[in-house]
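Below is coords.cif, holding mmCIF, C-alpha atoms.
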```cif
data_start
#
loop_
_atom_site.label_atom_id
_atom_site.label_comp_id
_atom_site.auth_asym_id
_atom_site.auth_seq_id
_atom_site.Cartn_x
_atom_site.Cartn_y
_atom_site.Cartn_z
CA MET A 1 -0.38 -20.21 18.36
CA PHE A 2 1.46 -19.11 15.20
CA ILE A 3 0.13 -20.48 11.88
CA ARG A 4 1.68 -20.24 8.37
CA LYS A 5 -0.94 -19.99 5.60
CA MET A 6 -0.99 -19.94 2.07
CA HIS A 7 -5.33 12.60 -2.44
CA ARG A 8 -6.94 13.08 0.58
CA THR A 9 -4.09 13.31 3.04
CA ALA A 10 -1.01 14.22 1.03
CA LEU A 11 -0.24 17.36 3.04
CA ALA A 12 -0.95 15.70 6.35
CA THR A 13 1.25 12.79 5.29
CA ALA A 14 4.11 15.17 4.57
CA ALA A 15 3.83 16.33 8.16
CA VAL A 16 4.46 12.75 9.27
CA VAL A 17 7.99 12.76 7.99
CA ALA A 18 8.72 16.35 8.99
CA ALA A 19 7.98 15.43 12.57
CA ALA A 20 9.71 12.07 12.32
CA LEU A 21 12.96 13.72 11.28
CA THR A 22 12.97 16.04 14.29
CA LEU A 23 11.50 13.99 17.12
CA THR A 24 13.37 11.37 19.09
CA ALA A 25 11.91 8.11 20.28
CA CYS A 26 10.52 8.29 23.78
CA GLY A 27 9.05 4.89 24.55
CA SER A 28 5.67 3.15 24.48
CA SER A 29 2.56 4.42 26.13
CA GLY A 30 1.60 0.91 27.17
CA SER A 31 -1.22 -1.38 26.07
CA SER A 32 -4.06 -0.60 28.44
CA THR A 33 -7.46 -0.09 26.83
CA SER A 34 -11.05 0.64 27.74
CA ASP A 35 -11.40 0.46 31.56
CA GLY A 36 -7.78 -0.66 32.02
CA GLY A 37 -8.70 -4.05 33.49
CA PRO A 38 -7.13 -7.34 32.40
CA ALA A 39 -8.64 -8.70 29.24
CA THR A 40 -9.11 -12.36 28.41
CA GLY A 41 -10.12 -14.21 25.28
CA LYS A 42 -8.92 -15.50 21.94
CA VAL A 43 -7.86 -13.27 19.05
CA THR A 44 -6.93 -14.31 15.52
CA LEU A 45 -4.94 -11.85 13.42
CA TRP A 46 -4.36 -12.11 9.67
CA MET A 47 -0.98 -10.57 8.85
CA TYR A 48 0.39 -10.03 5.35
CA PRO A 49 3.99 -9.83 4.02
CA VAL A 50 4.95 -6.50 5.56
CA ILE A 51 8.38 -8.06 6.06
CA LYS A 52 9.37 -9.25 2.58
CA ASP A 53 11.79 -12.00 3.66
CA GLU A 54 9.61 -14.99 4.44
CA THR A 55 11.91 -16.53 7.05
CA ALA A 56 12.44 -13.21 8.82
CA SER A 57 8.70 -12.53 8.72
CA LYS A 58 7.84 -15.86 10.29
CA LYS A 59 10.34 -15.38 13.11
CA PHE A 60 9.29 -11.79 13.77
CA TRP A 61 5.63 -12.61 14.18
CA GLN A 62 6.36 -15.74 16.21
CA ASP A 63 8.39 -13.62 18.61
CA THR A 64 5.73 -10.91 18.64
CA GLU A 65 3.01 -13.40 19.46
CA ALA A 66 5.06 -14.88 22.30
CA SER A 67 5.92 -11.44 23.70
CA PHE A 68 2.31 -10.33 23.64
CA GLU A 69 1.04 -13.45 25.39
CA LYS A 70 3.74 -13.10 28.06
CA ALA A 71 2.58 -9.53 28.71
CA ASN A 72 -1.10 -10.51 28.50
CA PRO A 73 -1.39 -14.06 29.93
CA GLY A 74 -5.17 -14.05 29.72
CA ILE A 75 -5.23 -13.63 25.93
CA ASP A 76 -4.56 -16.37 23.37
CA LEU A 77 -3.24 -14.61 20.23
CA THR A 78 -2.99 -16.48 16.93
CA ILE A 79 -1.14 -14.68 14.12
CA GLU A 80 -1.78 -16.29 10.74
CA LEU A 81 0.53 -15.27 7.89
CA GLN A 82 -1.28 -14.82 4.60
CA THR A 83 -0.19 -13.77 1.11
CA PHE A 84 -1.19 -10.66 -0.82
CA ASP A 85 -2.47 -12.81 -3.67
CA LYS A 86 -6.26 -12.46 -3.84
CA ARG A 87 -6.35 -10.75 -0.45
CA ASP A 88 -9.64 -8.97 -1.19
CA ALA A 89 -11.42 -12.16 -2.19
CA GLN A 90 -10.09 -13.94 0.88
CA ILE A 91 -11.19 -11.25 3.33
CA SER A 92 -14.56 -10.78 1.62
CA ALA A 93 -15.24 -14.53 1.80
CA ALA A 94 -14.35 -14.60 5.50
CA LEU A 95 -16.65 -11.68 6.28
CA ALA A 96 -19.51 -13.24 4.31
CA ALA A 97 -19.07 -16.55 6.13
CA GLY A 98 -18.61 -14.93 9.53
CA SER A 99 -15.57 -17.10 10.08
CA GLY A 100 -12.02 -15.81 10.00
CA PRO A 101 -9.89 -13.17 11.68
CA ASP A 102 -10.82 -10.89 14.53
CA VAL A 103 -8.19 -8.42 13.34
CA VAL A 104 -6.85 -8.01 9.80
CA LEU A 105 -4.23 -5.82 8.13
CA ILE A 106 -5.82 -3.68 5.40
CA THR A 107 -5.43 -0.40 3.50
CA PRO A 108 -7.62 2.72 3.79
CA ASP A 109 -9.52 1.99 0.57
CA GLN A 110 -10.20 -1.54 1.80
CA ALA A 111 -11.45 -0.07 5.07
CA ALA A 112 -13.97 2.02 3.13
CA THR A 113 -15.11 -1.07 1.22
CA TYR A 114 -15.52 -3.43 4.19
CA ARG A 115 -17.08 -0.78 6.40
CA ASN A 116 -19.71 -0.21 3.72
CA VAL A 117 -20.83 -3.85 3.96
CA ARG A 118 -20.73 -3.67 7.78
CA GLY A 119 -17.70 -5.91 7.92
CA LEU A 120 -15.70 -3.66 10.24
CA LEU A 121 -16.19 -2.31 13.73
CA PRO A 122 -14.89 1.03 15.09
CA VAL A 123 -11.55 0.84 16.92
CA ASP A 124 -11.51 4.19 18.75
CA LYS A 125 -11.32 2.39 22.11
CA ALA A 126 -8.13 0.62 21.07
CA ILE A 127 -6.26 3.94 20.87
CA GLU A 128 -8.23 6.20 23.21
CA GLN A 129 -5.38 6.52 25.74
CA ASP A 130 -2.67 7.47 23.25
CA LYS A 131 -4.54 8.80 20.22
CA ASP A 132 -2.59 12.08 20.31
CA ASN A 133 0.65 10.19 19.63
CA PHE A 134 -0.49 9.17 16.14
CA TYR A 135 0.22 11.47 13.21
CA PRO A 136 -3.12 13.07 12.23
CA GLY A 137 -2.77 12.08 8.58
CA THR A 138 -2.60 8.37 9.38
CA LEU A 139 -5.73 8.53 11.52
CA GLU A 140 -7.54 10.67 8.96
CA ALA A 141 -7.03 7.97 6.35
CA ALA A 142 -8.83 5.49 8.64
CA THR A 143 -11.67 7.79 9.77
CA PHE A 144 -15.18 7.61 8.34
CA ASP A 145 -18.15 9.52 9.75
CA ASN A 146 -16.03 10.60 12.73
CA GLU A 147 -15.16 7.04 13.76
CA VAL A 148 -11.78 5.32 13.37
CA PHE A 149 -11.94 2.00 11.53
CA GLY A 150 -8.27 1.07 11.58
CA VAL A 151 -5.32 1.47 13.94
CA PRO A 152 -2.34 2.77 11.90
CA LEU A 153 0.44 0.19 12.24
CA PHE A 154 3.05 1.52 9.79
CA GLN A 155 3.42 4.03 6.98
CA ASN A 156 4.25 2.95 3.43
CA ILE A 157 5.91 5.15 0.84
CA ASN A 158 7.11 4.39 -2.69
CA THR A 159 9.34 6.33 -5.00
CA THR A 160 11.52 5.92 -8.09
CA ALA A 161 14.51 3.56 -8.03
CA TYR A 162 17.14 3.61 -10.78
CA ASN A 163 19.73 1.21 -12.08
CA THR A 164 22.22 4.05 -12.32
CA LYS A 165 24.79 1.97 -14.21
CA ILE A 166 22.44 1.48 -17.15
CA PHE A 167 21.85 5.20 -17.54
CA ALA A 168 25.52 6.06 -17.03
CA ASP A 169 26.63 3.49 -19.63
CA ALA A 170 24.11 4.93 -22.11
CA GLY A 171 25.17 8.50 -21.38
CA LEU A 172 21.65 9.37 -20.24
CA PRO A 173 20.49 11.45 -17.26
CA LEU A 174 18.19 9.75 -14.77
CA PRO A 175 14.61 10.27 -16.04
CA LYS A 176 12.61 12.53 -13.75
CA THR A 177 9.68 13.45 -16.01
CA TRP A 178 7.42 11.74 -18.54
CA ASP A 179 9.30 13.47 -21.36
CA ASP A 180 12.55 12.06 -19.99
CA LEU A 181 11.05 8.57 -20.15
CA ARG A 182 9.96 8.97 -23.75
CA ASN A 183 13.38 10.34 -24.74
CA ALA A 184 15.33 7.55 -23.04
CA ALA A 185 13.09 4.66 -24.15
CA PRO A 186 14.29 4.22 -27.78
CA ILE A 187 17.95 4.66 -26.83
CA LEU A 188 17.82 1.92 -24.20
CA ALA A 189 15.58 -0.25 -26.38
CA GLU A 190 18.45 -0.51 -28.89
CA LYS A 191 20.45 -2.15 -26.10
CA GLY A 192 17.58 -4.55 -25.30
CA ILE A 193 16.67 -2.69 -22.10
CA ALA A 194 13.26 -1.31 -21.12
CA VAL A 195 13.47 2.14 -19.57
CA MET A 196 10.85 1.24 -16.92
CA ASP A 197 9.26 -1.90 -15.59
CA TYR A 198 5.49 -2.10 -15.08
CA ALA A 199 3.34 -4.64 -13.22
CA GLY A 200 0.22 -4.97 -15.33
CA SER A 201 -1.12 -8.15 -13.72
CA PRO A 202 -4.68 -7.76 -12.38
CA GLU A 203 -3.37 -9.22 -9.12
CA GLN A 204 -1.29 -6.07 -8.61
CA THR A 205 -3.11 -3.20 -6.93
CA LEU A 206 -3.49 -0.22 -9.26
CA ASN A 207 -2.31 1.94 -6.37
CA LEU A 208 1.18 0.69 -7.25
CA SER A 209 0.91 0.65 -11.04
CA PHE A 210 -1.54 2.84 -12.96
CA TYR A 211 -2.92 5.19 -10.31
CA PRO A 212 0.37 7.03 -9.61
CA LEU A 213 0.55 7.85 -13.33
CA LEU A 214 -3.06 9.00 -13.24
CA TRP A 215 -2.30 11.30 -10.29
CA GLN A 216 0.84 12.57 -12.02
CA ALA A 217 -1.35 13.53 -14.98
CA GLY A 218 -3.50 15.60 -12.63
CA GLY A 219 -6.35 13.10 -12.66
CA THR A 220 -8.27 11.12 -10.07
CA VAL A 221 -10.06 7.79 -9.93
CA PHE A 222 -13.28 9.24 -8.55
CA THR A 223 -14.85 12.70 -8.49
CA ASP A 224 -14.37 14.74 -5.32
CA ASP A 225 -17.64 13.49 -3.84
CA ALA A 226 -16.78 9.88 -4.87
CA LYS A 227 -20.18 9.58 -6.56
CA ASP A 228 -18.86 9.27 -10.10
CA ILE A 229 -15.89 7.93 -12.03
CA ALA A 230 -13.20 10.39 -13.13
CA PHE A 231 -10.42 8.21 -14.58
CA ASP A 232 -11.87 8.44 -18.11
CA SER A 233 -10.84 12.09 -18.24
CA GLU A 234 -8.24 13.68 -20.48
CA ALA A 235 -5.75 13.13 -17.67
CA GLY A 236 -6.58 9.43 -17.52
CA VAL A 237 -6.15 9.04 -21.27
CA SER A 238 -2.77 10.78 -21.15
CA ALA A 239 -1.58 8.47 -18.34
CA LEU A 240 -2.56 5.32 -20.22
CA GLN A 241 -1.18 6.75 -23.47
CA LEU A 242 2.18 7.13 -21.76
CA LEU A 243 2.26 3.39 -21.11
CA ILE A 244 1.16 2.63 -24.67
CA ASP A 245 3.81 4.96 -26.09
CA LEU A 246 6.53 3.42 -23.96
CA LYS A 247 5.46 -0.08 -24.99
CA LYS A 248 5.66 0.86 -28.69
CA LEU A 249 9.10 2.40 -28.13
CA GLY A 250 10.39 -0.72 -26.40
CA GLY A 251 10.33 1.18 -23.14
CA LEU A 252 8.38 -1.46 -21.16
CA PRO A 253 9.22 -5.16 -20.74
CA ALA A 254 7.58 -7.43 -23.29
CA ASP A 255 5.39 -9.01 -20.61
CA ALA A 256 4.44 -5.74 -18.89
CA ALA A 257 0.72 -6.42 -19.37
CA THR A 258 0.93 -9.58 -17.26
CA ASP A 259 3.98 -9.05 -15.03
CA GLY A 260 3.54 -9.05 -11.26
CA PRO A 261 5.25 -6.81 -8.71
CA LYS A 262 8.00 -9.16 -7.53
CA VAL A 263 11.61 -8.02 -7.81
CA GLU A 264 13.47 -11.33 -7.73
CA GLY A 265 13.92 -12.65 -11.27
CA ALA A 266 12.00 -9.70 -12.76
CA PRO A 267 13.43 -7.43 -15.49
CA ILE A 268 14.36 -4.80 -12.88
CA ALA A 269 16.59 -7.35 -11.09
CA THR A 270 18.14 -8.87 -14.22
CA GLY A 271 19.21 -5.59 -15.82
CA LYS A 272 16.51 -5.73 -18.50
CA ALA A 273 14.64 -2.73 -17.08
CA ALA A 274 16.38 0.45 -15.98
CA MET A 275 14.03 1.84 -13.33
CA ARG A 276 10.98 1.17 -11.21
CA ALA A 277 8.60 4.07 -10.57
CA THR A 278 7.01 2.77 -7.36
CA THR A 279 9.64 1.22 -5.09
CA SER A 280 9.53 0.57 -1.35
CA LEU A 281 12.60 0.34 0.86
CA PRO A 282 12.39 -3.49 1.08
CA GLU A 283 12.19 -3.68 -2.73
CA LEU A 284 15.16 -1.32 -2.95
CA LYS A 285 17.13 -3.72 -0.79
CA GLN A 286 16.25 -6.60 -3.14
CA MET A 287 17.33 -4.57 -6.17
CA ARG A 288 20.68 -3.80 -4.57
CA ALA A 289 21.21 -7.45 -3.70
CA ALA A 290 20.66 -8.37 -7.36
CA LEU A 291 22.43 -5.48 -9.07
CA GLY A 292 25.03 -4.28 -6.58
CA ALA A 293 24.58 -1.58 -3.97
CA ASP A 294 26.55 1.02 -5.94
CA ASN A 295 24.39 0.57 -9.02
CA VAL A 296 21.00 1.43 -7.50
CA ALA A 297 19.76 4.78 -6.18
CA LEU A 298 16.46 6.32 -5.11
CA GLY A 299 15.06 9.46 -6.69
CA ALA A 300 11.95 11.62 -6.47
CA PRO A 301 8.53 10.47 -7.71
CA LEU A 302 8.06 10.97 -11.43
CA GLN A 303 6.64 14.24 -12.68
CA GLY A 304 3.87 14.52 -15.24
CA LYS A 305 1.77 17.64 -14.83
CA VAL A 306 2.44 17.17 -11.12
CA GLN A 307 4.65 14.98 -8.95
CA ALA A 308 2.82 12.13 -7.25
CA THR A 309 3.31 8.69 -5.76
CA TYR A 310 1.48 6.21 -3.53
CA GLY A 311 1.98 6.08 0.21
CA ASN A 312 -0.47 5.10 2.91
CA PRO A 313 -0.74 3.61 6.39
CA GLY A 314 -1.26 -0.09 6.96
CA LEU A 315 -4.28 -0.45 9.26
CA LEU A 316 -5.18 -3.03 11.88
CA ALA A 317 -8.95 -3.37 11.46
CA LEU A 318 -11.44 -5.08 13.74
CA THR A 319 -13.81 -7.30 11.78
CA SER A 320 -17.46 -8.00 12.47
CA ILE A 321 -16.38 -11.60 13.07
CA ASN A 322 -15.02 -10.57 16.46
CA LYS A 323 -17.28 -11.66 19.31
CA LYS A 324 -18.15 -9.30 22.16
CA GLU A 325 -16.51 -11.54 24.73
CA ASN A 326 -13.22 -11.13 22.82
CA ARG A 327 -13.61 -7.41 22.10
CA GLU A 328 -11.37 -6.10 24.89
CA ALA A 329 -8.74 -8.70 23.99
CA ALA A 330 -8.78 -7.49 20.39
CA TYR A 331 -8.33 -3.90 21.55
CA LYS A 332 -5.32 -5.02 23.60
CA VAL A 333 -3.76 -6.70 20.56
CA MET A 334 -4.17 -3.65 18.34
CA ASN A 335 -2.91 -1.30 21.04
CA TYR A 336 0.13 -3.48 21.75
CA LEU A 337 1.14 -3.91 18.10
CA SER A 338 0.74 -0.21 17.31
CA SER A 339 2.67 0.97 20.39
CA ALA A 340 5.86 2.97 19.92
CA GLU A 341 8.03 0.06 21.03
CA SER A 342 6.35 -2.40 18.65
CA GLN A 343 6.49 0.05 15.75
CA LYS A 344 10.21 0.58 16.24
CA ALA A 345 10.80 -3.17 15.98
CA LEU A 346 8.54 -3.55 12.93
CA ASN A 347 10.02 -0.55 11.13
CA ALA A 348 13.52 -1.94 11.66
CA ALA A 349 12.51 -5.36 10.29
CA ALA A 350 10.32 -4.19 7.41
CA GLY A 351 11.82 -0.87 6.33
CA ASN A 352 8.57 1.02 6.82
CA LEU A 353 7.93 4.38 8.49
CA PRO A 354 6.20 5.01 11.84
CA THR A 355 2.65 6.25 12.26
CA ARG A 356 3.25 7.92 15.60
CA SER A 357 5.56 10.66 16.82
CA ASP A 358 7.12 8.69 19.67
CA ALA A 359 8.30 5.84 17.45
CA ALA A 360 11.70 5.67 15.78
CA ALA A 361 12.57 8.61 13.54
CA LEU A 362 13.88 8.39 9.99
CA GLY A 363 17.61 8.48 9.44
CA THR A 364 19.60 11.11 7.59
CA ASP A 365 21.04 8.76 4.96
CA ALA A 366 20.28 9.30 1.28
CA ASP A 367 17.53 6.67 1.16
CA SER A 368 15.69 8.08 4.18
CA LEU A 369 15.92 11.59 2.81
CA ALA A 370 14.56 10.44 -0.56
CA MET A 371 11.63 8.75 1.13
CA ALA A 372 11.07 11.83 3.27
CA GLU A 373 10.87 13.95 0.13
CA ALA A 374 8.54 11.44 -1.54
CA LEU A 375 6.10 11.67 1.37
CA LYS A 376 5.44 15.28 0.40
CA SER A 377 3.72 14.14 -2.81
CA ALA A 378 2.21 10.91 -1.47
CA ASN A 379 -1.40 10.00 -2.15
CA PRO A 380 -2.91 7.41 0.25
CA GLY A 381 -5.35 6.18 -2.37
CA GLU A 382 -8.92 7.24 -2.95
CA PRO A 383 -11.24 5.66 -0.37
CA SER A 384 -14.53 4.42 -1.75
CA PRO A 385 -16.75 1.51 -0.78
CA VAL A 386 -16.26 0.15 -4.30
CA ALA A 387 -12.59 1.08 -4.78
CA ARG A 388 -11.44 -2.51 -5.19
CA GLN A 389 -14.31 -3.43 -7.50
CA VAL A 390 -13.45 -0.45 -9.69
CA MET A 391 -9.86 -1.70 -9.85
CA GLY A 392 -11.23 -5.02 -11.02
CA ALA A 393 -13.08 -3.30 -13.85
CA LEU A 394 -10.17 -1.09 -14.88
CA ALA A 395 -7.20 -3.48 -14.74
CA PRO A 396 -8.17 -5.80 -17.64
CA ASN A 397 -8.95 -2.82 -19.85
CA ILE A 398 -5.49 -1.39 -19.18
CA GLN A 399 -4.13 -4.79 -20.13
CA ALA A 400 -6.08 -4.69 -23.39
CA ALA A 401 -4.64 -1.29 -24.23
CA LEU A 402 -1.10 -2.50 -23.52
CA ARG A 403 -1.69 -5.47 -25.83
CA GLY A 404 -2.74 -3.05 -28.55
CA ASP A 405 -6.31 -4.36 -28.71
CA VAL A 406 -7.92 -0.96 -28.00
CA SER A 407 -6.87 2.67 -27.77
CA ALA A 408 -6.33 4.40 -24.43
CA LYS A 409 -9.60 6.29 -24.82
CA GLU A 410 -11.58 3.17 -25.71
CA ALA A 411 -10.09 1.20 -22.82
CA LEU A 412 -10.99 3.84 -20.25
CA GLU A 413 -14.46 4.40 -21.68
CA ARG A 414 -15.21 0.68 -21.44
CA ALA A 415 -13.84 0.50 -17.91
CA ALA A 416 -15.74 3.64 -16.85
CA LYS A 417 -19.03 2.22 -18.13
CA GLU A 418 -18.55 -0.92 -16.05
CA ALA A 419 -17.33 1.08 -13.03
CA ARG A 420 -20.33 3.41 -13.14
CA GLY A 421 -22.57 0.37 -13.06
CA ILE A 422 -20.73 -0.76 -9.92
CA LEU A 423 -21.28 2.66 -8.33
CA GLN A 424 -24.97 2.67 -9.21
CA ARG A 425 -25.55 -0.80 -7.78
CA SER A 426 -23.68 0.19 -4.62
CA ALA A 427 -25.87 3.28 -4.17
CA SER A 428 -29.15 1.46 -4.69
#
```

Have the structure of the file written as structure tokens, please.
Amino acid sequence: MFIRKMHRTALATAAVVAAALTLTACGSSGSSTSDGGPATGKVTLWMYPVIKDETASKKFWQDTEASFEKANPGIDLTIELQTFDKRDAQISAALAAGSGPDVVLITPDQAATYRNVRGLLPVDKAIEQDKDNFYPGTLEAATFDNEVFGVPLFQNINTTAYNTKIFADAGLPLPKTWDDLRNAAPILAEKGIAVMDYAGSPEQTLNLSFYPLLWQAGGTVFTDDAKDIAFDSEAGVSALQLLIDLKKLGGLPADAATDGPKVEGAPIATGKAAMRATTSLPELKQMRAALGADNVALGAPLQGKVQATYGNPGLLALTSINKKENREAAYKVMNYLSSAESQKALNAAAGNLPTRSDAAALGTDADSLAMAEALKSANPGEPSPVARQVMGALAPNIQAALRGDVSAKEALERAAKEARGILQRSAS
């Protein structure tokens, strides 16, 4: 039944696209799991807007549910479409209540968080027959203490998208570095255009807003052992200072501190912002629909001290809500959805990349090549059991700095103090 409801692996990730560009699709390995016998039971899956178009998303998952149940008549699969808004709170509440999905789509840092509170179960059995088909980097992002806690369903990557007409009309080159941004900001501001949009809303994951800038500055969120906070470093201050400087120069939209990530109706789609630093292929499509296909182009991730962007696998995780009598059925669902055949269909509908070598390869068009290049500097996020709580401490302080209430250094010091308290409580 279908229901509608309201830098650990950067090099390994680069290998994903290198292989994807050279391998051809060769079919699914099937959906058998565990002892290979027929599974029965009921499985509820929470799916999020991987496919941006709501109507297309609803139809895709309806068809997927029907296809799965036809192939597995003993299993009743319910796919419930959710929204990204307050996803963490929603999943956490379900785990605490012991009532909710058997399987849920999450990110690697969420996997670290929910595993830490014993909210997830290992999923090695779901992929034991075709584990070698998955790109190692996608499995590494889901592996903790030598157990896999998420089946890689698709690979995300984000890079810079430009409104090329704005820069051409202003006689400016496309900004590729932080210095380029600062140089272009006052020139475009005179025309009433922000050089770059920014989603400062606390509802937006920092993986798609502040963290790429932090990584470009050479910084990290946590120390290498994840036992301390590192974003209050000199690199962190320089990343936040870039945003403050751009805001003062008129280089960010007036509402950057509270804007969300949507494209439709946003400054990037109305010609009031000239570029977006973290753009997925579905968002690129929306920009072209609003601005004209010839006026929008992809480029490389921005360069600070280094070049960096955010890209990670979406994971199908098995929650502790799942009952033993439905365990084999849940494995079947995850195996089926992550198969080569299913990934090809999802990648075509959503504009994502595969997580396995026998799924559809990238094309050779300019967009695919730009995404392939971006994968080389992709960071999948920094897994920590408290990653999302740390975001919650940091985001409002970034907002305060963008409003001009505090300096970059003060904002990060305040956030770090709160974040260290979160780490200490987690360790006790």

Residues near Ala168 in chain A, cut-off 12 Å, only C-alpha atoms, skip fewer than 6 positions along chain, as JSON, numbers by chain: {"A": [162, 174, 175, 184, 188, 274, 295, 296]}

Would you write out, as JSON lines, a table of all residues in range 132-160 of chain A that have an atom no more than 6 Å from an atom of range 314-319 of chain A, listing for each the closest atom pair and the distance in Å to one decimal, considering all atoms listed in the file and ordering rows by chain and rising residue number?
```
{"residue": "A:Gly150", "atom": "CA", "partner": "A:Ala317", "partner_atom": "CA", "distance": 4.5}
{"residue": "A:Val151", "atom": "CA", "partner": "A:Leu316", "partner_atom": "CA", "distance": 5.0}
{"residue": "A:Pro152", "atom": "CA", "partner": "A:Leu315", "partner_atom": "CA", "distance": 4.6}
{"residue": "A:Leu153", "atom": "CA", "partner": "A:Gly314", "partner_atom": "CA", "distance": 5.6}
{"residue": "A:Phe154", "atom": "CA", "partner": "A:Gly314", "partner_atom": "CA", "distance": 5.4}
```

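Of the residues listed (A:Leu402, A:Ala419, A:Ala300, A:Leu337), A:Leu402 shows the shortest atom-to-atom separation from Pro253 in chain A; distances use all atoms listed in the file.
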
Determine, counting all atoms listed in the file, every residue of protein, DNA or RNA that lies within 10 Å of (12.7, 12.2, -11.6) in the file coordinates, then give the result as a count of residues only. 21

From the list A:Glu69, A:Asp225, A:Asp88, A:Asp102, the nearest residue to Leu45 in chain A using all atoms listed in the file is A:Asp102

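When CA of Leu246 in chain A is paired with CA of Pro261 in chain A, their separation reads 18.4 Å.
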